[in-house]
file final17.cif (mmCIF, C-alpha atoms (C1' of nucleotides))
data_work
loop_
_atom_site.group_PDB
_atom_site.id
_atom_site.type_symbol
_atom_site.label_atom_id
_atom_site.label_comp_id
_atom_site.auth_asym_id
_atom_site.auth_seq_id
_atom_site.Cartn_x
_atom_site.Cartn_y
_atom_site.Cartn_z
ATOM 1 C CA MET H 13 60.201 125.186 103.478
ATOM 2 C CA VAL H 14 59.077 121.584 103.527
ATOM 3 C CA GLU H 15 61.092 119.570 101.025
ATOM 4 C CA LEU H 16 58.721 116.653 100.455
ATOM 5 C CA GLN H 17 61.383 114.455 98.894
ATOM 6 C CA THR H 18 60.100 111.111 97.737
ATOM 7 C CA VAL H 19 62.785 109.255 99.657
ATOM 8 C CA GLU H 20 61.784 110.940 102.866
ATOM 9 C CA LEU H 21 58.081 110.433 102.298
ATOM 10 C CA ASN H 22 58.575 106.780 101.455
ATOM 11 C CA ALA H 23 60.347 106.195 104.750
ATOM 12 C CA VAL H 24 57.931 108.325 106.740
ATOM 13 C CA PHE H 25 54.745 106.776 105.405
ATOM 14 C CA HIS H 26 56.230 103.328 105.681
ATOM 15 C CA ALA H 27 57.139 103.997 109.304
ATOM 16 C CA LEU H 28 53.613 105.214 109.987
ATOM 17 C CA GLY H 29 52.138 102.089 108.420
ATOM 18 C CA ASP H 30 52.578 100.082 111.596
ATOM 19 C CA VAL H 31 50.420 100.380 114.734
ATOM 20 C CA THR H 32 53.279 99.724 117.112
ATOM 21 C CA ARG H 33 55.327 102.540 115.648
ATOM 22 C CA ARG H 34 52.389 104.934 115.596
ATOM 23 C CA GLN H 35 51.718 104.179 119.242
ATOM 24 C CA MET H 36 55.363 104.765 120.035
ATOM 25 C CA LEU H 37 55.098 108.180 118.446
ATOM 26 C CA ARG H 38 51.990 108.900 120.527
ATOM 27 C CA GLU H 39 53.981 107.957 123.602
ATOM 28 C CA LEU H 40 56.822 110.237 122.579
ATOM 29 C CA ALA H 41 54.344 113.055 122.123
ATOM 30 C CA ASP H 42 54.148 113.113 125.915
ATOM 31 C CA GLY H 43 57.891 113.494 126.288
ATOM 32 C CA GLU H 44 61.194 111.670 126.156
ATOM 33 C CA ARG H 45 61.212 107.894 126.515
ATOM 34 C CA THR H 46 63.981 105.341 126.708
ATOM 35 C CA VAL H 47 64.027 102.330 124.395
ATOM 36 C CA GLY H 48 62.969 100.150 127.293
ATOM 37 C CA GLN H 49 60.075 102.416 128.167
ATOM 38 C CA LEU H 50 58.906 102.439 124.560
ATOM 39 C CA ALA H 51 59.149 98.660 124.345
ATOM 40 C CA GLU H 52 57.428 97.922 127.655
ATOM 41 C CA PRO H 53 53.765 98.045 126.528
ATOM 42 C CA TYR H 54 54.295 95.413 123.855
ATOM 43 C CA GLU H 55 54.688 91.702 124.124
ATOM 44 C CA ILE H 56 57.388 91.589 121.525
ATOM 45 C CA SER H 57 61.048 91.135 122.352
ATOM 46 C CA LEU H 58 63.235 94.118 123.118
ATOM 47 C CA ALA H 59 65.153 93.442 119.929
ATOM 48 C CA ALA H 60 61.949 93.698 117.896
ATOM 49 C CA ALA H 61 61.036 96.966 119.597
ATOM 50 C CA SER H 62 64.565 98.160 118.959
ATOM 51 C CA LYS H 63 64.029 97.503 115.255
ATOM 52 C CA HIS H 64 60.810 99.508 115.254
ATOM 53 C CA ILE H 65 62.606 102.368 116.944
ATOM 54 C CA LYS H 66 65.337 102.219 114.356
ATOM 55 C CA VAL H 67 62.745 102.443 111.594
ATOM 56 C CA LEU H 68 61.334 105.563 113.225
ATOM 57 C CA GLU H 69 64.821 106.938 113.623
ATOM 58 C CA THR H 70 65.941 106.380 110.043
ATOM 59 C CA ALA H 71 62.686 107.948 108.876
ATOM 60 C CA GLY H 72 63.775 110.975 110.881
ATOM 61 C CA LEU H 73 60.694 110.800 113.059
ATOM 62 C CA ILE H 74 62.650 110.463 116.285
ATOM 63 C CA ARG H 75 66.044 111.465 117.575
ATOM 64 C CA ARG H 76 68.111 109.408 119.947
ATOM 65 C CA GLU H 77 70.426 110.618 122.667
ATOM 66 C CA VAL H 78 72.682 108.047 124.294
ATOM 67 C CA ARG H 79 72.685 108.942 127.956
ATOM 68 C CA GLY H 80 74.932 106.546 129.798
ATOM 69 C CA ARG H 81 73.718 103.074 129.039
ATOM 70 C CA THR H 82 70.215 104.166 128.156
ATOM 71 C CA HIS H 83 69.055 105.566 124.823
ATOM 72 C CA VAL H 84 66.626 108.409 125.235
ATOM 73 C CA CYS H 85 64.293 109.080 122.289
ATOM 74 C CA ARG H 86 62.343 112.156 121.496
ATOM 75 C CA LEU H 87 59.957 113.114 118.736
ATOM 76 C CA ASP H 88 61.174 114.981 115.672
ATOM 77 C CA PRO H 89 58.081 116.511 114.099
ATOM 78 C CA GLY H 90 59.712 117.629 110.842
ATOM 79 C CA PRO H 91 58.895 114.528 108.782
ATOM 80 C CA LEU H 92 55.388 114.465 110.190
ATOM 81 C CA ALA H 93 54.995 117.995 108.921
ATOM 82 C CA SER H 94 56.127 116.814 105.486
ATOM 83 C CA ALA H 95 53.592 114.009 105.487
ATOM 84 C CA HIS H 96 50.925 116.394 106.665
ATOM 85 C CA GLN H 97 51.889 118.813 103.946
ATOM 86 C CA TRP H 98 51.578 116.099 101.353
ATOM 87 C CA LEU H 99 48.086 115.280 102.569
ATOM 88 C CA VAL H 100 47.027 118.908 102.679
ATOM 89 C CA PHE H 101 47.062 118.868 98.893
ATOM 90 C CA TYR H 102 44.025 116.582 99.007
ATOM 91 C CA GLU H 103 42.228 118.480 101.724
ATOM 92 C CA ARG H 104 39.888 120.092 99.219
ATOM 93 C CA PHE H 105 38.535 116.651 98.378
ATOM 94 C CA TRP H 106 37.081 116.020 101.799
ATOM 95 C CA THR H 107 36.343 119.483 103.140
ATOM 96 C CA GLY H 108 33.724 121.817 101.863
ATOM 97 C CA ARG H 109 35.870 124.637 102.980
ATOM 98 C CA LEU H 110 36.569 126.110 99.589
ATOM 99 C CA ASP H 111 34.963 129.208 101.019
ATOM 100 C CA VAL H 112 37.795 129.456 103.536
ATOM 101 C CA LEU H 113 40.359 129.176 100.767
ATOM 102 C CA GLU H 114 38.592 131.853 98.862
ATOM 103 C CA ARG H 115 38.520 134.045 101.929
ATOM 104 C CA LEU H 116 42.268 133.615 102.311
ATOM 105 C CA LEU H 117 42.970 134.367 98.678
ATOM 106 C CA ARG H 118 41.336 137.756 98.740
ATOM 107 C CA ALA H 119 40.401 139.874 101.766
ATOM 108 C CA GLU H 120 43.584 140.761 103.588
ATOM 109 C CA ASP H 121 41.483 143.466 105.173
ATOM 110 C CA THR H 122 39.744 141.080 107.550
ATOM 111 C CA GLU H 123 42.814 139.193 108.750
ATOM 112 C CA ASP H 124 43.723 138.691 112.398
ATOM 113 C CA PRO H 125 47.223 140.076 113.071
ATOM 114 C CA THR H 126 47.933 137.646 115.950
ATOM 115 C CA GLU H 127 48.455 134.586 113.726
ATOM 116 C CA THR H 128 48.614 134.830 109.970
ATOM 117 C CA ASN H 129 51.007 132.237 108.632
ATOM 118 C CA GLY H 130 52.339 129.278 110.560
ATOM 119 C CA ASP H 131 52.567 126.615 107.877
ATOM 120 C CA GLU H 132 56.028 127.130 106.466
ATOM 121 C CA GLU H 133 58.978 125.171 107.840
ATOM 122 C CA MET S 8 33.310 111.139 112.725
ATOM 123 C CA VAL S 9 36.601 109.771 111.543
ATOM 124 C CA GLU S 10 37.096 106.290 112.954
ATOM 125 C CA LEU S 11 40.875 106.124 112.729
ATOM 126 C CA GLN S 12 40.884 102.365 113.038
ATOM 127 C CA THR S 13 44.313 100.861 113.173
ATOM 128 C CA VAL S 14 43.496 98.446 110.355
ATOM 129 C CA GLU S 15 42.478 101.250 108.072
ATOM 130 C CA LEU S 16 45.439 103.439 108.972
ATOM 131 C CA ASN S 17 47.863 100.573 108.494
ATOM 132 C CA ALA S 18 46.587 100.011 104.971
ATOM 133 C CA VAL S 19 46.393 103.705 104.152
ATOM 134 C CA PHE S 20 49.874 104.615 105.341
ATOM 135 C CA HIS S 21 51.284 101.517 103.743
ATOM 136 C CA ALA S 22 49.667 102.452 100.451
ATOM 137 C CA LEU S 23 51.097 105.957 100.727
ATOM 138 C CA GLY S 24 54.571 104.594 101.380
ATOM 139 C CA ASP S 25 55.242 104.076 97.696
ATOM 140 C CA VAL S 26 56.047 106.811 95.183
ATOM 141 C CA THR S 27 54.235 105.133 92.328
ATOM 142 C CA ARG S 28 51.036 104.909 94.312
ATOM 143 C CA ARG S 29 51.329 108.480 95.575
ATOM 144 C CA GLN S 30 51.788 109.673 92.012
ATOM 145 C CA MET S 31 48.771 107.678 90.918
ATOM 146 C CA LEU S 32 46.732 109.461 93.558
ATOM 147 C CA ARG S 33 48.023 112.790 92.279
ATOM 148 C CA GLU S 34 46.899 111.792 88.831
ATOM 149 C CA LEU S 35 43.482 110.828 90.127
ATOM 150 C CA ALA S 36 43.206 114.196 91.820
ATOM 151 C CA ASP S 37 42.766 115.593 88.315
ATOM 152 C CA GLY S 38 39.889 113.254 87.555
ATOM 153 C CA GLU S 39 38.970 109.725 86.609
ATOM 154 C CA ARG S 40 41.597 107.487 85.052
ATOM 155 C CA THR S 41 41.514 103.991 83.648
ATOM 156 C CA VAL S 42 43.977 101.356 84.810
ATOM 157 C CA GLY S 43 45.834 101.709 81.546
ATOM 158 C CA GLN S 44 46.060 105.469 81.899
ATOM 159 C CA LEU S 45 47.357 105.159 85.432
ATOM 160 C CA ALA S 46 49.944 102.612 84.380
ATOM 161 C CA GLU S 47 51.157 104.445 81.306
ATOM 162 C CA PRO S 48 53.751 106.799 82.901
ATOM 163 C CA TYR S 49 55.664 103.914 84.464
ATOM 164 C CA GLU S 50 58.023 101.414 82.954
ATOM 165 C CA ILE S 51 56.628 98.573 84.966
ATOM 166 C CA SER S 52 54.326 95.938 83.518
ATOM 167 C CA LEU S 53 50.600 96.475 83.458
ATOM 168 C CA ALA S 54 50.209 93.642 85.934
ATOM 169 C CA ALA S 55 52.513 95.425 88.373
ATOM 170 C CA ALA S 56 50.559 98.653 87.996
ATOM 171 C CA SER S 57 47.382 96.674 88.479
ATOM 172 C CA LYS S 58 48.759 95.436 91.792
ATOM 173 C CA HIS S 59 49.510 98.993 92.895
ATOM 174 C CA ILE S 60 46.000 100.010 92.006
ATOM 175 C CA LYS S 61 44.638 97.102 93.986
ATOM 176 C CA VAL S 62 46.643 98.212 97.008
ATOM 177 C CA LEU S 63 45.135 101.683 96.699
ATOM 178 C CA GLU S 64 41.706 100.143 96.281
ATOM 179 C CA THR S 65 41.864 97.834 99.293
ATOM 180 C CA ALA S 66 43.131 100.748 101.348
ATOM 181 C CA GLY S 67 39.930 102.490 100.298
ATOM 182 C CA LEU S 68 41.836 105.302 98.647
ATOM 183 C CA ILE S 69 40.281 104.754 95.254
ATOM 184 C CA ARG S 70 37.061 103.342 93.881
ATOM 185 C CA ARG S 71 36.795 101.329 90.721
ATOM 186 C CA GLU S 72 33.942 101.311 88.241
ATOM 187 C CA VAL S 73 34.002 98.634 85.586
ATOM 188 C CA ARG S 74 32.815 100.361 82.457
ATOM 189 C CA GLY S 75 32.713 97.844 79.657
ATOM 190 C CA ARG S 76 36.161 96.346 79.380
ATOM 191 C CA THR S 77 37.887 99.260 81.051
ATOM 192 C CA HIS S 78 38.172 99.865 84.779
ATOM 193 C CA VAL S 79 37.736 103.511 85.674
ATOM 194 C CA CYS S 80 39.277 104.645 88.956
ATOM 195 C CA ARG S 81 38.513 107.716 90.972
ATOM 196 C CA LEU S 82 39.861 109.119 94.219
ATOM 197 C CA ASP S 83 38.108 108.398 97.482
ATOM 198 C CA PRO S 84 39.346 111.044 99.901
ATOM 199 C CA GLY S 85 37.918 109.510 103.091
ATOM 200 C CA PRO S 86 40.991 107.500 104.116
ATOM 201 C CA LEU S 87 43.219 110.449 103.266
ATOM 202 C CA ALA S 88 41.129 112.487 105.671
ATOM 203 C CA SER S 89 41.721 109.829 108.333
ATOM 204 C CA ALA S 90 45.461 109.934 107.770
ATOM 205 C CA HIS S 91 45.382 113.696 107.836
ATOM 206 C CA GLN S 92 43.388 113.600 111.025
ATOM 207 C CA TRP S 93 45.934 111.323 112.611
ATOM 208 C CA LEU S 94 48.713 113.725 111.710
ATOM 209 C CA VAL S 95 46.823 116.741 112.930
ATOM 210 C CA PHE S 96 47.367 115.465 116.459
ATOM 211 C CA TYR S 97 51.058 116.257 116.044
ATOM 212 C CA GLU S 98 50.541 119.604 114.411
ATOM 213 C CA ARG S 99 51.346 121.453 117.614
ATOM 214 C CA PHE S 100 54.863 120.031 117.479
ATOM 215 C CA TRP S 101 55.787 121.805 114.303
ATOM 216 C CA THR S 102 53.681 124.926 114.452
ATOM 217 C CA GLY S 103 54.103 127.683 116.922
ATOM 218 C CA ARG S 104 50.376 128.010 117.107
ATOM 219 C CA LEU S 105 50.011 127.070 120.753
ATOM 220 C CA ASP S 106 48.429 130.447 121.212
ATOM 221 C CA VAL S 107 45.618 129.355 118.914
ATOM 222 C CA LEU S 108 45.095 126.204 120.959
ATOM 223 C CA GLU S 109 45.070 128.271 124.103
ATOM 224 C CA ARG S 110 42.566 130.609 122.579
ATOM 225 C CA LEU S 111 40.322 127.657 121.760
ATOM 226 C CA LEU S 112 40.619 126.129 125.211
ATOM 227 C CA ARG S 113 39.354 129.169 127.067
ATOM 228 C CA ALA S 114 37.470 132.143 125.668
ATOM 229 C CA GLU S 115 34.267 130.931 124.105
ATOM 230 C CA ASP S 116 33.271 134.555 124.409
ATOM 231 C CA THR S 117 35.532 135.656 121.577
ATOM 232 C CA GLU S 118 34.608 132.941 119.106
ATOM 233 C CA ASP S 119 33.715 133.661 115.501
ATOM 234 C CA PRO S 120 30.403 132.056 114.552
ATOM 235 C CA THR S 121 31.237 131.926 110.803
ATOM 236 C CA GLU S 122 33.804 129.092 111.043
ATOM 237 C CA THR S 123 34.348 127.434 114.386
ATOM 238 C CA ASN S 124 34.655 123.710 113.920
ATOM 239 C CA GLY S 125 35.112 122.006 110.585
ATOM 240 C CA ASP S 126 37.369 119.122 111.484
ATOM 241 C CA GLU S 127 34.903 116.472 112.493
ATOM 242 C CA GLU S 128 33.656 113.975 109.956
ATOM 243 C "C1'" DC I 8 33.433 84.228 64.359
ATOM 244 C "C1'" DT I 9 37.980 85.892 64.878
ATOM 245 C "C1'" DT I 10 40.973 89.336 66.452
ATOM 246 C "C1'" DT I 11 42.199 93.160 69.304
ATOM 247 C "C1'" DT I 12 42.097 95.595 73.477
ATOM 248 C "C1'" DA I 13 41.788 96.092 78.596
ATOM 249 C "C1'" DT I 14 42.676 93.964 82.519
ATOM 250 C "C1'" DT I 15 43.169 90.336 85.924
ATOM 251 C "C1'" DC I 16 45.109 85.935 87.510
ATOM 252 C "C1'" DA I 17 48.617 82.580 88.614
ATOM 253 C "C1'" DA I 18 53.114 81.116 89.203
ATOM 254 C "C1'" DC I 19 57.430 82.478 90.138
ATOM 255 C "C1'" DC I 20 61.512 85.248 91.998
ATOM 256 C "C1'" DA I 21 64.362 88.447 94.834
ATOM 257 C "C1'" DT I 22 64.233 91.279 98.490
ATOM 258 C "C1'" DA I 23 62.083 93.495 102.577
ATOM 259 C "C1'" DT I 24 59.646 93.093 106.883
ATOM 260 C "C1'" DG I 25 58.676 91.770 111.528
ATOM 261 C "C1'" DG I 26 59.478 88.517 114.623
ATOM 262 C "C1'" DT I 27 62.520 85.211 117.366
ATOM 263 C "C1'" DT I 28 66.789 83.740 120.168
ATOM 264 C "C1'" DG I 29 71.476 84.002 121.713
ATOM 265 C "C1'" DA I 30 75.711 86.353 121.878
ATOM 266 C "C1'" DC I 31 77.955 90.799 122.481
ATOM 267 C "C1'" DT I 32 79.105 95.718 124.200
ATOM 268 C "C1'" DG I 33 79.072 99.225 127.679
ATOM 269 C "C1'" DA I 34 77.672 101.419 131.639
ATOM 270 C "C1'" DC I 35 76.416 101.257 136.459
ATOM 271 C "C1'" DC I 36 76.495 98.637 141.092
ATOM 272 C "C1'" DG I 37 78.398 96.296 145.062
ATOM 273 C "C1'" DC W 22 86.745 92.768 139.734
ATOM 274 C "C1'" DG W 23 82.389 90.449 138.924
ATOM 275 C "C1'" DG W 24 77.561 90.902 138.125
ATOM 276 C "C1'" DT W 25 73.607 93.086 136.312
ATOM 277 C "C1'" DC W 26 71.184 96.164 133.317
ATOM 278 C "C1'" DA W 27 70.137 98.628 128.727
ATOM 279 C "C1'" DG W 28 70.407 97.976 124.296
ATOM 280 C "C1'" DT W 29 72.321 96.443 119.825
ATOM 281 C "C1'" DC W 30 73.881 92.872 116.618
ATOM 282 C "C1'" DA W 31 73.727 88.650 114.031
ATOM 283 C "C1'" DA W 32 71.641 84.681 112.386
ATOM 284 C "C1'" DC W 33 67.590 82.722 111.322
ATOM 285 C "C1'" DC W 34 62.554 82.119 109.925
ATOM 286 C "C1'" DA W 35 57.893 82.991 107.912
ATOM 287 C "C1'" DT W 36 55.426 85.993 105.426
ATOM 288 C "C1'" DA W 37 54.727 90.216 102.599
ATOM 289 C "C1'" DT W 38 56.093 93.127 98.812
ATOM 290 C "C1'" DG W 39 57.059 94.497 94.167
ATOM 291 C "C1'" DG W 40 58.391 92.910 90.109
ATOM 292 C "C1'" DT W 41 58.291 89.587 86.060
ATOM 293 C "C1'" DT W 42 56.052 86.528 82.333
ATOM 294 C "C1'" DG W 43 52.430 83.842 80.301
ATOM 295 C "C1'" DA W 44 47.797 82.367 80.322
ATOM 296 C "C1'" DA W 45 42.888 83.533 81.078
ATOM 297 C "C1'" DT W 46 38.661 86.510 80.709
ATOM 298 C "C1'" DA W 47 35.708 89.588 78.687
ATOM 299 C "C1'" DA W 48 34.297 93.310 75.846
ATOM 300 C "C1'" DA W 49 34.744 95.897 71.554
ATOM 301 C "C1'" DA W 50 36.003 95.840 66.566
ATOM 302 C "C1'" DG W 51 36.186 93.918 62.037
#
call {"tool": "encode", "arguments": {"input": "final17.cif", "output": "C-alpha cells"}}
result
Amino acid sequence: MVELQTVELNAVFHALGDVTRRQMLRELADGERTVGQLAEPYEISLAAASKHIKVLETAGLIRREVRGRTHVCRLDPGPLASAHQWLVFYERFWTGRLDVLERLLRAEDTEDPTETNGDEE
Amino acid sequence: MVELQTVELNAVFHALGDVTRRQMLRELADGERTVGQLAEPYEISLAAASKHIKVLETAGLIRREVRGRTHVCRLDPGPLASAHQWLVFYERFWTGRLDVLERLLRAEDTEDPTETNGDEE
DNA sequence: CTTTTATTCAACCATATGGTTGACTGACCG
DNA sequence: CGGTCAGTCAACCATATGGTTGAATAAAAG
C-alpha cells in the first residue's frame, strides 16, 4: 500500500517543482541514463546537474548504480505513485466522473475480469 | 486541454511541497474557509499562514473572495488536474496495466461507447 | 467616534536552494 | 606510470523560503 508519508511527499513534490528535474525524469522514462547524459541538454555545470540528480535520488525518484566510473540512473516510480495517489483524492473536483465512481461502488456484475484492481502498491 | 506549462507546474509542485499547504488544501476540499480558519490549526503566526495561502493562490490552487473584512478561500482544482496529468504519464511505470494501454492502441472495434476518453481538459 | 476583528504589509532573520569554480577521487587508456 | 574521463565535494554567492514581530488598513461592533 502507498504510505504517503509527509516527509516523502515533501521531498517528492519539492523535487518535481523544478523543470530541469522534471525533464530529467522524462529522459529516464526512456531508459537508463548516466549523470553525464542527464546533464548534457542543459547549460549548467556538471556539478549543478549532479545536485539536481541528488535531489531526485534523495526523494527516491531515481536509483543510482555505480558502474565503473560512470553512475547509471534509472527511474523509481514508487514516489511518483505516492504523489499521484495524493492527487487522486482531489480528482472528483475536476472530473465529472462521479458516475464512474458510482458504477464502481455497486455493480460487480458488469466488471471486466481482465483488469479489476491495479492501484495498490 | 491541460496546458502543462512549466511555469504553472513549477509553482504548483512547489506549493504542494509543504505539509502545511497540503493540509490547507485538504481543509478546503471540505468547503470554503477564511484565512483565519485555515491558519487556526497551526502554531505559526497569522502572517506566516497568510504567506502560505498566498503561495497557494499564486499557484492558482485556491481562489480568494474578499467578503467584508474576511477573505474566503476556496479550492481551484485546475492546477491539481495539471499536476495529476503530468504524473499520469508515468503511471505505466507503477501499474501493470500495459495490457490496457495495448488494448487502447489497437482494437477500436472492442471499445465501450459509454466511457472512452475523459482525460482531456 | 473609538475599539475590536480580520488580514496584509514591511522589515528582519536563519536557513535552503540553485548556481558557480576549483580541487579531489577513481576508473579506464596508452 | 601518467593522462584523461566521469563524477563528487567543498567553498562561495545571490536569491528564495518560511518564520518572526510590529505597524498599517479596513470593516464590523459598541
call {"tool": "residues_near_point", "arguments": {"input": "final17.cif", "point": "(51.1, 94.4, 87.6)", "cutoff": "12 Å", "atoms": "only C-alpha atoms (C1' of nucleotides)", "output": "number ranges by chain"}}
result
S: 42-43, 45-47, 49-62; I: 14-16; W: 39-42
call {"tool": "atom_distance", "arguments": {"input": "final17.cif", "atom1": "CA of Glu39 (chain H)", "atom2": "CA of Ala22 (chain S)"}}
result
24.2 Å
call {"tool": "resolve_selection", "arguments": {"input": "final17.cif", "expression": "the PyMOL selection byres ((chain I and resi 33) around 10)", "output": "VMD selection string"}}
result
(chain H and resid 80 to 81) or (chain I and resid 31 to 32 34 to 35) or (chain W and resid 27 to 28)
call {"tool": "atom_distance", "arguments": {"input": "final17.cif", "atom1": "CA of His96 (chain H)", "atom2": "CA of Arg76 (chain H)"}}
result
22.8 Å
call {"tool": "resolve_selection", "arguments": {"input": "final17.cif", "expression": "the PyMOL selection byres ((chain W and resi 48) around 9)", "output": "ChimeraX atom specification"}}
result
/S:75-77 /I:12-13 /W:47,49
call {"tool": "axis_aligned_box", "arguments": {"input": "final17.cif", "around": "region 26-35 of chain I", "padding_each_side": "5 Å", "output": "lines of an AutoDock Vina configuration file"}}
result
center_x = 69.3
center_y = 92.6
center_z = 125.5
size_x = 29.6
size_y = 27.7
size_z = 31.8
call {"tool": "decode", "arguments": {"input": "final17.cif", "residues": "region 60-105 of chain S", "atoms": "C-alpha atoms", "output": "mmCIF file, in the first residue's frame"}}
result
data_model
loop_
_atom_site.group_PDB
_atom_site.id
_atom_site.type_symbol
_atom_site.label_atom_id
_atom_site.label_comp_id
_atom_site.auth_asym_id
_atom_site.auth_seq_id
_atom_site.Cartn_x
_atom_site.Cartn_y
_atom_site.Cartn_z
ATOM 1 C CA ILE S 60 -2.179 30.987 1.459
ATOM 2 C CA LYS S 61 -0.636 33.462 -0.934
ATOM 3 C CA VAL S 62 1.641 30.747 -2.285
ATOM 4 C CA LEU S 63 -1.392 28.547 -2.901
ATOM 5 C CA GLU S 64 -3.175 31.475 -4.500
ATOM 6 C CA THR S 65 -0.387 32.471 -6.880
ATOM 7 C CA ALA S 66 -0.046 28.832 -7.861
ATOM 8 C CA GLY S 67 -3.706 29.061 -8.823
ATOM 9 C CA LEU S 68 -4.660 26.332 -6.392
ATOM 10 C CA ILE S 69 -7.100 28.485 -4.482
ATOM 11 C CA ARG S 70 -9.267 31.496 -5.178
ATOM 12 C CA ARG S 71 -9.921 34.262 -2.722
ATOM 13 C CA GLU S 72 -13.103 36.259 -2.303
ATOM 14 C CA VAL S 73 -12.935 39.295 -0.075
ATOM 15 C CA ARG S 74 -16.190 39.276 1.818
ATOM 16 C CA GLY S 75 -16.290 42.292 4.073
ATOM 17 C CA ARG S 76 -13.228 42.144 6.266
ATOM 18 C CA THR S 77 -12.752 38.419 5.863
ATOM 19 C CA HIS S 78 -11.066 36.672 2.955
ATOM 20 C CA VAL S 79 -12.860 33.499 1.957
ATOM 21 C CA CYS S 80 -10.794 30.888 0.129
ATOM 22 C CA ARG S 81 -11.971 28.013 -1.975
ATOM 23 C CA LEU S 82 -10.198 25.268 -3.885
ATOM 24 C CA ASP S 83 -9.460 25.674 -7.564
ATOM 25 C CA PRO S 84 -8.820 22.168 -8.860
ATOM 26 C CA GLY S 85 -7.462 23.144 -12.290
ATOM 27 C CA PRO S 86 -3.761 23.207 -11.380
ATOM 28 C CA LEU S 87 -4.174 19.983 -9.425
ATOM 29 C CA ALA S 88 -5.543 18.448 -12.598
ATOM 30 C CA SER S 89 -2.438 19.656 -14.442
ATOM 31 C CA ALA S 90 -0.156 18.104 -11.854
ATOM 32 C CA HIS S 91 -2.165 14.923 -11.967
ATOM 33 C CA GLN S 92 -1.961 14.926 -15.724
ATOM 34 C CA TRP S 93 1.786 15.278 -15.573
ATOM 35 C CA LEU S 94 2.021 12.295 -13.260
ATOM 36 C CA VAL S 95 -0.299 10.194 -15.350
ATOM 37 C CA PHE S 96 2.464 9.990 -17.940
ATOM 38 C CA TYR S 97 4.421 7.832 -15.503
ATOM 39 C CA GLU S 98 1.502 5.700 -14.465
ATOM 40 C CA ARG S 99 2.641 2.826 -16.650
ATOM 41 C CA PHE S 100 5.779 2.541 -14.534
ATOM 42 C CA TRP S 101 3.949 1.576 -11.402
ATOM 43 C CA THR S 102 0.905 -0.201 -12.734
ATOM 44 C CA GLY S 103 0.940 -3.461 -14.536
ATOM 45 C CA ARG S 104 -1.742 -2.170 -16.808
ATOM 46 C CA LEU S 105 0.264 -2.296 -20.012
#
